[in-house]
$ cat my_file30.tsv   # TSV, C-alpha atoms
chain	number	residue	atom	x	y	z
A	937	MET	CA	17.51	-120.85	13.36
A	938	LEU	CA	20.28	-123.44	13.39
A	939	ASP	CA	19.73	-126.43	15.64
A	940	ILE	CA	22.48	-128.68	17.00
A	941	LEU	CA	20.31	-131.82	16.85
A	942	ASP	CA	19.48	-131.17	13.21
A	943	PHE	CA	23.20	-130.69	12.55
A	944	GLN	CA	24.11	-133.91	14.35
A	945	ASN	CA	21.45	-135.87	12.48
A	946	LYS	CA	23.07	-134.90	9.18
A	947	ILE	CA	26.27	-136.72	10.17
A	948	VAL	CA	26.63	-140.41	9.32
A	949	ARG	CA	27.36	-142.86	12.12
A	950	GLU	CA	29.21	-145.54	10.19
A	951	THR	CA	32.10	-146.67	12.36
A	952	ASP	CA	33.00	-150.09	10.92
A	953	THR	CA	34.25	-148.92	7.52
A	954	ASN	CA	37.85	-149.95	6.93
A	955	LEU	CA	38.99	-149.77	3.33
A	956	LEU	CA	42.52	-150.85	4.20
A	957	MET	CA	41.22	-154.04	5.79
A	958	ASP	CA	39.04	-154.62	2.73
A	959	LEU	CA	42.11	-154.22	0.53
A	960	LYS	CA	44.05	-156.67	2.71
A	961	ASN	CA	41.38	-159.26	2.03
A	962	GLU	CA	41.37	-158.77	-1.74
A	963	LYS	CA	42.36	-161.83	-3.76
A	964	LEU	CA	42.54	-160.09	-7.15
A	965	PRO	CA	45.58	-158.09	-8.37
A	966	ILE	CA	45.67	-154.55	-6.97
A	967	VAL	CA	46.55	-151.80	-9.45
A	968	ILE	CA	47.21	-148.14	-8.58
A	969	TRP	CA	45.71	-145.73	-11.12
A	970	GLY	CA	48.03	-142.73	-11.44
A	971	GLY	CA	51.69	-141.91	-11.01
A	972	GLY	CA	51.83	-138.52	-9.30
A	973	SER	CA	52.61	-137.52	-5.72
A	974	MET	CA	49.36	-138.90	-4.37
A	975	SER	CA	50.08	-142.31	-5.87
A	976	HIS	CA	53.33	-142.37	-3.88
A	977	SER	CA	51.36	-141.62	-0.71
A	978	ILE	CA	48.93	-144.43	-1.54
A	979	LYS	CA	51.79	-146.87	-2.17
A	980	LYS	CA	53.41	-146.05	1.18
A	981	ILE	CA	50.16	-146.54	3.04
A	982	LEU	CA	49.61	-149.90	1.33
A	983	ASP	CA	53.22	-150.93	2.02
A	984	ASN	CA	52.78	-150.11	5.71
A	985	GLU	CA	49.71	-152.37	5.76
A	986	LYS	CA	51.61	-155.08	3.83
A	987	ILE	CA	49.15	-154.84	0.94
A	988	LYS	CA	50.78	-155.94	-2.31
A	989	VAL	CA	50.52	-153.70	-5.38
A	990	SER	CA	50.79	-155.64	-8.64
A	991	ALA	CA	51.04	-152.79	-11.15
A	992	TYR	CA	50.44	-149.14	-11.99
A	993	TRP	CA	47.93	-148.00	-14.58
A	994	ILE	CA	49.16	-144.80	-16.25
A	995	ASP	CA	47.99	-144.04	-19.77
A	996	ASN	CA	50.59	-142.34	-22.00
A	997	ALA	CA	53.35	-142.95	-19.45
A	998	SER	CA	56.92	-142.34	-20.58
A	999	ILE	CA	58.22	-144.98	-18.17
A	1000	LYS	CA	57.53	-148.70	-17.96
A	1001	ILE	CA	58.82	-149.36	-14.45
A	1002	MET	CA	58.39	-147.17	-11.36
A	1003	ASP	CA	61.29	-146.44	-9.00
A	1004	ASN	CA	59.97	-149.15	-6.68
A	1005	GLY	CA	60.34	-151.74	-9.44
A	1006	ILE	CA	56.63	-152.18	-10.17
A	1007	LYS	CA	55.61	-152.26	-13.82
A	1008	VAL	CA	53.59	-149.48	-15.46
A	1009	TYR	CA	50.87	-150.28	-18.01
A	1010	SER	CA	48.24	-148.49	-20.02
A	1011	TYR	CA	44.71	-149.68	-19.31
A	1012	GLU	CA	44.68	-151.83	-22.45
A	1013	GLU	CA	47.99	-153.40	-21.44
A	1014	VAL	CA	47.02	-154.11	-17.84
A	1015	CYS	CA	43.82	-155.83	-19.01
A	1016	LYS	CA	45.92	-158.19	-21.13
A	1017	VAL	CA	47.95	-159.11	-18.07
A	1018	TYR	CA	44.99	-159.49	-15.68
A	1019	ASP	CA	41.49	-160.67	-16.58
A	1020	LYS	CA	40.07	-159.06	-13.47
A	1021	LEU	CA	41.63	-156.42	-11.23
A	1022	VAL	CA	41.04	-154.13	-8.28
A	1023	VAL	CA	41.89	-150.44	-8.76
A	1024	VAL	CA	43.03	-147.97	-6.12
A	1025	LEU	CA	42.90	-144.32	-7.17
A	1026	GLY	CA	46.34	-142.75	-7.04
A	1027	HIS	CA	44.97	-139.28	-7.73
A	1028	SER	CA	42.21	-137.05	-6.36
A	1029	LYS	CA	39.84	-136.97	-9.32
A	1030	TYR	CA	37.27	-139.05	-7.47
A	1031	GLU	CA	34.55	-137.85	-9.83
A	1032	LEU	CA	36.01	-140.24	-12.43
A	1033	ALA	CA	35.80	-143.30	-10.18
A	1034	ASP	CA	32.22	-144.34	-10.92
A	1035	LYS	CA	32.75	-144.24	-14.68
A	1036	VAL	CA	35.90	-146.34	-14.39
A	1037	ALA	CA	34.25	-148.80	-12.00
A	1038	ALA	CA	31.77	-149.68	-14.74
A	1039	ARG	CA	34.49	-151.20	-16.93
A	1040	PRO	CA	34.08	-154.98	-17.10
A	1041	GLU	CA	37.67	-155.82	-16.13
A	1042	ILE	CA	37.46	-153.83	-12.88
A	1043	GLU	CA	35.93	-155.78	-10.02
A	1044	ARG	CA	36.12	-152.96	-7.49
A	1045	ILE	CA	37.58	-149.48	-7.18
A	1046	TYR	CA	38.85	-147.87	-3.98
A	1047	CYS	CA	39.20	-144.17	-3.22
A	1048	LEU	CA	41.22	-143.76	-0.03
A	1049	VAL	CA	39.79	-140.38	0.92
A	1050	ASN	CA	41.61	-140.28	4.26
A	1051	VAL	CA	45.07	-140.24	2.69
A	1052	CYS	CA	46.91	-136.96	3.09
A	1053	TYR	CA	50.66	-136.35	2.74
A	1054	ASN	CA	51.70	-139.91	3.58
A	1055	GLN	CA	49.21	-140.05	6.44
A	1056	TRP	CA	46.15	-142.18	6.96
A	1057	SER	CA	43.72	-140.50	9.34
A	1058	HIS	CA	40.34	-142.21	9.63
A	1059	LEU	CA	37.80	-140.00	11.40
A	1060	GLU	CA	35.70	-141.90	13.93
A	1061	TYR	CA	32.15	-140.80	14.55
A	1062	SER	CA	32.88	-141.04	18.28
A	1063	PHE	CA	35.37	-138.17	17.91
A	1064	VAL	CA	32.79	-136.00	16.13
A	1065	ASP	CA	30.20	-136.88	18.75
A	1066	GLU	CA	32.61	-135.96	21.54
A	1067	HIS	CA	33.30	-132.59	19.90
A	1068	ILE	CA	29.85	-131.97	18.47
A	1069	ASN	CA	29.52	-128.57	20.19
A	1070	ASP	CA	32.84	-127.45	18.67
A	1071	TYR	CA	31.85	-128.54	15.18
A	1072	PHE	CA	28.47	-126.91	15.63
A	1073	ASN	CA	30.21	-123.63	16.50
A	1074	THR	CA	32.01	-123.85	13.16
A	1075	TYR	CA	28.70	-124.72	11.48
A	1076	ARG	CA	27.12	-121.59	13.00
A	1077	PHE	CA	30.05	-119.40	11.99
A	1078	MET	CA	29.57	-120.15	8.30
A	1079	ALA	CA	28.33	-117.21	6.23
A	1080	ASP	CA	26.20	-119.29	3.85
A	1081	ASN	CA	24.33	-122.58	3.74
A	1082	PHE	CA	26.58	-123.97	1.04
A	1083	SER	CA	29.53	-123.77	3.45
A	1084	ARG	CA	27.51	-125.79	5.94
A	1085	HIS	CA	26.88	-128.40	3.24
A	1086	CYS	CA	30.66	-128.52	2.65
A	1087	LEU	CA	31.31	-129.09	6.36
A	1088	ILE	CA	28.79	-131.95	6.49
A	1089	ALA	CA	30.21	-133.47	3.29
A	1090	PHE	CA	33.73	-133.32	4.75
A	1091	LEU	CA	32.74	-135.05	7.98
A	1092	ASN	CA	30.63	-137.70	6.26
A	1093	ALA	CA	33.32	-138.55	3.71
A	1094	LYS	CA	35.98	-138.81	6.43
A	1095	ILE	CA	33.81	-141.01	8.67
A	1096	SER	CA	32.39	-143.29	5.99
A	1097	GLU	CA	35.44	-143.23	3.66
A	1098	ASP	CA	32.94	-142.70	0.84
A	1099	TYR	CA	33.85	-140.06	-1.74
A	1100	HIS	CA	30.25	-139.84	-2.97
A	1101	TYR	CA	29.46	-137.39	-0.16
A	1102	LEU	CA	31.88	-134.92	-1.76
A	1103	LEU	CA	30.68	-135.09	-5.36
A	1104	PRO	CA	27.47	-132.99	-5.07
A	1105	VAL	CA	29.13	-130.01	-3.37
A	1106	CYS	CA	32.12	-130.15	-5.70
A	1107	LYS	CA	29.90	-130.36	-8.76
A	1108	GLU	CA	27.94	-127.32	-7.61
A	1109	ASP	CA	30.79	-125.02	-6.63
A	1110	THR	CA	34.56	-125.51	-6.41
A	1111	ALA	CA	37.11	-122.81	-5.75
A	1112	THR	CA	40.73	-121.86	-6.02
A	1113	TYR	CA	42.43	-119.34	-3.78
A	1114	PHE	CA	41.93	-116.53	-6.25
A	1115	GLU	CA	38.82	-117.62	-8.12
A	1116	ASN	CA	35.80	-118.25	-5.95
A	1117	SER	CA	32.15	-117.23	-5.63
A	1118	LEU	CA	32.69	-115.36	-2.35
A	1119	PHE	CA	34.73	-112.28	-3.21
A	1120	GLU	CA	36.77	-110.67	-5.98
A	1121	ILE	CA	40.54	-110.44	-6.07
A	1122	GLY	CA	41.25	-106.90	-7.16
A	1123	ASN	CA	44.26	-104.99	-8.41
A	1124	ASN	CA	46.76	-103.51	-5.98
A	1125	GLU	CA	46.61	-106.55	-3.64
A	1126	TYR	CA	49.43	-107.42	-1.23
A	1127	LEU	CA	49.68	-111.22	-1.05
A	1128	VAL	CA	51.38	-113.02	1.82
A	1129	ASP	CA	52.05	-116.59	0.68
A	1130	VAL	CA	52.76	-118.60	3.84
A	1131	GLY	CA	54.23	-121.89	2.73
A	1132	ALA	CA	55.23	-120.56	-0.68
A	1133	TYR	CA	56.93	-123.86	-1.63
A	1134	VAL	CA	58.35	-123.48	-5.16
A	1135	GLY	CA	55.94	-120.77	-6.31
A	1136	ASP	CA	52.82	-122.72	-7.27
A	1137	THR	CA	50.47	-120.28	-5.49
A	1138	ILE	CA	52.36	-117.27	-6.84
A	1139	ASN	CA	51.98	-118.70	-10.33
A	1140	GLU	CA	48.22	-118.99	-9.79
A	1141	PHE	CA	48.12	-115.42	-8.51
A	1142	VAL	CA	50.05	-113.74	-11.33
A	1143	LYS	CA	48.81	-115.80	-14.31
A	1144	LYS	CA	45.77	-113.54	-14.71
A	1145	GLU	CA	48.21	-110.70	-15.33
A	1146	ARG	CA	46.53	-108.64	-12.65
A	1147	MET	CA	48.25	-105.63	-11.16
A	1148	TYR	CA	49.37	-106.15	-7.59
A	1149	LYS	CA	51.25	-104.22	-4.96
A	1150	LYS	CA	53.61	-106.85	-3.58
A	1151	ILE	CA	54.07	-110.53	-2.79
A	1152	ALA	CA	55.70	-111.76	0.39
A	1153	ALA	CA	56.77	-115.39	-0.15
A	1154	ILE	CA	57.49	-117.16	3.15
A	1155	GLU	CA	59.18	-120.57	2.93
A	1156	PRO	CA	61.61	-122.19	5.41
A	1157	ASP	CA	62.70	-125.18	3.29
A	1158	TYR	CA	65.97	-124.14	1.66
A	1159	LYS	CA	65.54	-126.56	-1.27
A	1160	SER	CA	62.14	-125.10	-2.08
A	1161	VAL	CA	63.51	-121.56	-1.67
A	1162	GLU	CA	66.15	-122.20	-4.33
A	1163	LYS	CA	63.49	-123.41	-6.77
A	1164	LEU	CA	61.27	-120.48	-5.79
A	1165	LYS	CA	64.06	-118.00	-6.57
A	1166	GLU	CA	64.69	-119.71	-9.90
A	1167	TYR	CA	60.99	-119.56	-10.79
A	1168	ILE	CA	60.74	-115.86	-9.94
A	1169	LYS	CA	63.86	-115.09	-11.96
A	1170	ASN	CA	62.93	-117.20	-15.00
A	1171	TYR	CA	59.46	-115.68	-15.27
A	1172	ASN	CA	60.55	-112.17	-14.34
A	1173	ILE	CA	58.01	-111.79	-11.55
A	1174	ASN	CA	58.36	-108.39	-9.91
A	1175	ASN	CA	57.85	-107.09	-6.38
A	1176	VAL	CA	58.42	-110.39	-4.58
A	1177	ASP	CA	60.14	-110.45	-1.19
A	1178	ILE	CA	61.32	-113.91	-0.09
A	1179	TYR	CA	61.51	-114.72	3.62
A	1180	GLU	CA	63.49	-117.91	4.26
A	1181	MET	CA	61.84	-118.72	7.58
A	1182	GLY	CA	58.65	-120.01	9.12
A	1183	CYS	CA	55.67	-118.33	10.79
A	1184	TRP	CA	54.85	-118.90	14.45
A	1185	CYS	CA	53.28	-117.29	17.52
A	1186	GLU	CA	56.66	-116.09	18.79
A	1187	ASN	CA	60.08	-115.26	17.40
A	1188	THR	CA	62.39	-118.20	18.01
A	1189	GLU	CA	63.97	-121.26	16.39
A	1190	LEU	CA	62.22	-124.61	15.95
A	1191	ALA	CA	63.01	-128.09	14.69
A	1192	PHE	CA	62.00	-128.62	11.06
A	1193	GLY	CA	61.44	-131.94	9.31
A	1194	GLU	CA	61.54	-132.80	5.61
A	1195	ASP	CA	60.39	-135.66	3.43
A	1196	GLU	CA	59.74	-136.09	-0.27
A	1197	GLU	CA	56.14	-134.90	-0.12
A	1198	SER	CA	55.87	-132.44	2.73
A	1199	SER	CA	57.90	-130.54	5.28
A	1200	GLY	CA	57.11	-128.63	8.43
A	1201	ILE	CA	57.60	-127.99	12.11
A	1202	SER	CA	58.36	-131.31	13.78
A	1203	LYS	CA	59.88	-132.47	17.06
A	1204	GLU	CA	61.68	-135.16	15.06
A	1205	GLY	CA	63.08	-132.61	12.62
A	1206	THR	CA	66.84	-132.53	12.10
A	1207	LEU	CA	67.04	-128.89	10.98
A	1208	GLN	CA	66.69	-125.73	13.04
A	1209	ILE	CA	64.85	-122.89	11.33
A	1210	LYS	CA	64.06	-119.31	12.27
A	1211	VAL	CA	60.38	-118.58	12.89
A	1212	MET	CA	58.70	-115.22	13.43
A	1213	LYS	CA	55.33	-113.70	14.10
A	1214	LEU	CA	53.81	-112.23	10.96
A	1215	ASP	CA	53.02	-109.16	13.05
A	1216	ASP	CA	56.77	-108.57	13.41
A	1217	MET	CA	57.97	-109.93	10.06
A	1218	LEU	CA	55.62	-107.69	8.05
A	1219	LYS	CA	55.00	-104.88	10.48
A	1220	ASN	CA	53.40	-101.79	8.91
A	1221	GLU	CA	52.91	-103.54	5.55
A	1222	ASP	CA	49.57	-103.00	3.83
A	1223	ILE	CA	48.63	-106.69	3.61
A	1224	SER	CA	45.37	-107.62	1.87
A	1225	ILE	CA	45.58	-111.42	1.35
A	1226	ILE	CA	47.12	-114.22	3.44
A	1227	LYS	CA	47.25	-117.78	2.09
A	1228	ILE	CA	48.29	-120.70	4.33
A	1229	ASN	CA	48.72	-124.27	3.14
A	1230	TYR	CA	50.66	-126.78	5.25
A	1231	LEU	CA	50.09	-129.45	7.86
A	1232	TYR	CA	51.43	-128.21	11.17
A	1233	GLY	CA	51.54	-124.78	12.80
A	1234	VAL	CA	48.60	-123.02	11.12
A	1235	GLU	CA	47.03	-122.11	14.46
A	1236	GLU	CA	50.34	-120.70	15.70
A	1237	CYS	CA	50.81	-118.74	12.47
A	1238	ILE	CA	47.41	-117.06	12.91
A	1239	MET	CA	48.14	-116.33	16.57
A	1240	GLY	CA	51.29	-114.55	15.43
A	1241	ALA	CA	49.26	-112.38	13.02
A	1242	GLN	CA	46.66	-111.04	15.44
A	1243	GLN	CA	47.51	-107.37	14.93
A	1244	ILE	CA	47.35	-107.75	11.15
A	1245	LEU	CA	43.96	-109.47	11.37
A	1246	LYS	CA	42.62	-106.82	13.75
A	1247	LYS	CA	43.92	-103.74	11.92
A	1248	LYS	CA	44.08	-104.78	8.26
A	1249	ARG	CA	41.50	-107.61	8.12
A	1250	PRO	CA	43.14	-109.24	5.08
A	1251	LYS	CA	41.30	-111.94	3.16
A	1252	LEU	CA	42.40	-115.35	4.47
A	1253	MET	CA	42.66	-118.56	2.45
A	1254	ILE	CA	43.57	-121.59	4.55
A	1255	MET	CA	43.62	-125.30	3.72
A	1256	VAL	CA	41.79	-126.90	6.66
A	1257	GLY	CA	41.04	-130.44	5.46
A	1258	PHE	CA	44.23	-132.08	6.67
A	1259	ASP	CA	42.92	-133.33	10.01
A	1260	GLU	CA	39.91	-133.37	12.34
A	1261	TRP	CA	41.13	-130.49	14.52
A	1262	ALA	CA	41.53	-127.68	12.01
A	1263	LEU	CA	37.79	-127.17	11.49
A	1264	ILE	CA	37.36	-127.00	15.25
A	1265	LYS	CA	40.21	-124.64	16.10
A	1266	ILE	CA	40.89	-122.35	13.15
A	1267	PRO	CA	37.43	-120.76	12.59
A	1268	THR	CA	37.03	-120.13	16.32
A	1269	LEU	CA	40.48	-118.57	16.54
A	1270	ILE	CA	39.84	-116.21	13.60
A	1271	LYS	CA	36.49	-115.08	15.01
A	1272	SER	CA	38.05	-114.54	18.45
A	1273	ILE	CA	40.65	-112.22	16.92
A	1274	ASN	CA	38.25	-110.28	14.68
A	1275	GLN	CA	34.50	-110.80	14.93
A	1276	GLU	CA	33.99	-108.87	11.68
A	1277	TYR	CA	35.27	-111.74	9.57
A	1278	LYS	CA	32.80	-113.74	7.49
A	1279	LEU	CA	33.79	-117.41	7.16
A	1280	ALA	CA	33.05	-119.82	4.33
A	1281	LEU	CA	34.15	-123.25	3.10
A	1282	ARG	CA	34.72	-124.46	-0.44
A	1283	PHE	CA	36.43	-127.53	-1.88
A	1284	ALA	CA	39.21	-127.07	-4.43
A	1285	SER	CA	38.52	-130.64	-5.61
A	1286	ALA	CA	36.60	-133.71	-4.45
A	1287	MET	CA	39.06	-134.64	-1.72
A	1288	PRO	CA	38.74	-133.91	2.02
A	1289	ALA	CA	42.26	-132.51	2.26
A	1290	ARG	CA	41.39	-129.91	-0.41
A	1291	LEU	CA	38.91	-128.02	1.75
A	1292	ILE	CA	39.61	-124.28	1.92
A	1293	LEU	CA	38.48	-121.95	4.68
A	1294	PHE	CA	37.93	-118.42	3.39
A	1295	ALA	CA	37.73	-115.46	5.79
A	1296	TYR	CA	36.76	-112.12	4.29
$ encode --input "my_file30.tsv" --output "structure tokens"
Amino acid sequence: MLDILDFQNKIVRETDTNLLMDLKNEKLPIVIWGGGSMSHSIKKILDNEKIKVSAYWIDNASIKIMDNGIKVYSYEEVCKVYDKLVVVLGHSKYELADKVAARPEIERIYCLVNVCYNQWSHLEYSFVDEHINDYFNTYRFMADNFSRHCLIAFLNAKISEDYHYLLPVCKEDTATYFENSLFEIGNNEYLVDVGAYVGDTINEFVKKERMYKKIAAIEPDYKSVEKLKEYIKNYNINNVDIYEMGCWCENTELAFGEDEESSGISKEGTLQIKVMKLDDMLKNEDISIIKINYLYGVEECIMGAQQILKKKRPKLMIMVGFDEWALIKIPTLIKSINQEYKLALRFASAMPARLILFAY
């Protein structure tokens, strides 16, 4: 029998961790390791905190200077420039951090686990304590003990800002949307890709050359839609319907915001987009899978799909690691709509934001 006190005792109570403050106090040169989208998020966070970045470390880079004017070096090159350095991971492969930290030139290495899409969201233990009953409800909803371990690892990593809490669960079992230890993806599936972006999830779905019934690709960002159409055409992907709109709990228009890394429903958005309930958009369709991956509006999307979840009970795959509220609200909402759902958590990689909620 699950006990709330036992659950609470598994959660760390460190509240004075502040990696950004530690970085502010560093005297050694700070080098970002990596040059992808996450490194840009890291750089923006450090800029906002007025933390100087001296260089980028990118092995086999084709460029020598980033767009922001900071030089790019290989590891051998950066060690010639600096005798000692501090490294900030600009990617999510935290499992490599300990090996790198052992190199003699590296004084310290930082993994900013609370970075997500240009945001920095430290989770205070006081928030978890205030909502302990809500988190415990999610804990109880989980279909297996491993999912409970994933929930604890998520909370502990977010509170302590220590990636080591994530490594054991990620070493034991990681998942993608369509390859996981919970259920099989069969032939004749009907995939609804909510937040289809430029087709990355569709690519993952079709690369196994499985037979499928149809794909509904839902994406409101017109720039992404153009790239999505190009991808579908270039790779001759069949039976794809593109819906250039968003999903919501009612049929209306909403403000939509864009930046270089993410886009979504936003009061500050300068665009107006059409949004619809999935129940109306895909009425009478034989849906078997729904994937959702974006920051804002997931709860509203699910509320707009209540009839589908009740009647069809499609498999759900939802990224829920973006903030502290998703793991409180989303599992409870799904169970309130259809009690028959089993719920489970798996990490796609050793990063809090890459936590997937599966409902099946």
$ closest_atom_pairs --input "my_file30.tsv" --of "segment 1036-1090 of chain A" --to "segment 1002-1018 of chain A" --cutoff "12 Å" --atoms "all atoms listed in the file" --output "JSON lines"
{"residue": "A:Val1036", "atom": "CA", "partner": "A:Tyr1011", "partner_atom": "CA", "distance": 10.6}
{"residue": "A:Arg1039", "atom": "CA", "partner": "A:Tyr1011", "partner_atom": "CA", "distance": 10.6}
{"residue": "A:Pro1040", "atom": "CA", "partner": "A:Cys1015", "partner_atom": "CA", "distance": 10.0}
{"residue": "A:Glu1041", "atom": "CA", "partner": "A:Cys1015", "partner_atom": "CA", "distance": 6.8}
{"residue": "A:Ile1042", "atom": "CA", "partner": "A:Cys1015", "partner_atom": "CA", "distance": 9.1}
{"residue": "A:Glu1043", "atom": "CA", "partner": "A:Tyr1018", "partner_atom": "CA", "distance": 11.3}
$ atom_distance --input "my_file30.tsv" --atom1 "atom CA of Lys1150 of chain A" --atom2 "atom CA of Glu1125 of chain A"
7.0 Å
$ closest_residue --input "my_file30.tsv" --among "A:Leu1263, A:Ala1280, A:Val967, A:Ile1226" --to "Leu1025 of chain A" --atoms "all atoms listed in the file"
A:Val967
$ closest_residue --input "my_file30.tsv" --among "A:Tyr1071, A:Tyr1148, A:Phe1294, A:Tyr1171" --to "Glu1115 of chain A" --atoms "all atoms listed in the file"
A:Phe1294
$ atom_distance --input "my_file30.tsv" --atom1 "atom CA of Ile1254 of chain A" --atom2 "atom CA of Ala1241 of chain A"
13.7 Å
$ atom_distance --input "my_file30.tsv" --atom1 "atom CA of Tyr992 of chain A" --atom2 "atom CA of Ile968 of chain A"
4.8 Å
$ closest_residue --input "my_file30.tsv" --among "A:His1067, A:His1085, A:Lys1265, A:Lys1271" --to "Lys1246 of chain A" --atoms "all atoms listed in the file"
A:Lys1271
$ residues_around --input "my_file30.tsv" --residues "Ile1088 of chain A" --least-positions-apart "3" --cutoff "7 Å" --atoms "all atoms listed in the file" --output "PyMOL selection string"
chain A and resi 946-947+1084-1085+1091-1092
$ closest_residue --input "my_file30.tsv" --among "A:Val1256, A:Leu1218, A:Ile1068, A:Ile1225" --to "Asp1129 of chain A" --atoms "all atoms listed in the file"
A:Ile1225
$ residues_around --input "my_file30.tsv" --residues "Phe1114 of chain A" --least-positions-apart "6" --cutoff "9 Å" --atoms "all atoms listed in the file" --output "compact mmCIF listing (two decimals) with C-alpha atoms, keeping the file's coordinate frame"
# COMPACT_ATOMS: atom_id res chain seq x y z
CA GLU A 1120 36.77 -110.67 -5.98
CA ILE A 1121 40.54 -110.44 -6.07
CA GLU A 1140 48.22 -118.99 -9.79
CA PHE A 1141 48.12 -115.42 -8.51
CA MET A 1253 42.66 -118.56 2.45
$ axis_aligned_box --input "my_file30.tsv" --around "segment 1125-1136 of chain A" --padding-each-side "3 Å" --output "AutoDock Vina command-line options"
--center_x 52.5 --center_y -115.2 --center_z -1.7 --size_x 17.7 --size_y 23.3 --size_z 17.1
$ residues_around --input "my_file30.tsv" --residues "segment 1026-1028 of chain A" --least-positions-apart "6" --cutoff "9 Å" --atoms "only C-alpha atoms" --output "NGL selection string"
:A and (968-979 or 1047-1049 or 1285-1287)
$ residues_near_point --input "my_file30.tsv" --point "(34.7, -121.4, 2.2)" --cutoff "6 Å" --atoms "all atoms listed in the file" --output "ChimeraX atom specification"
/A:1083,1280-1282,1292-1294
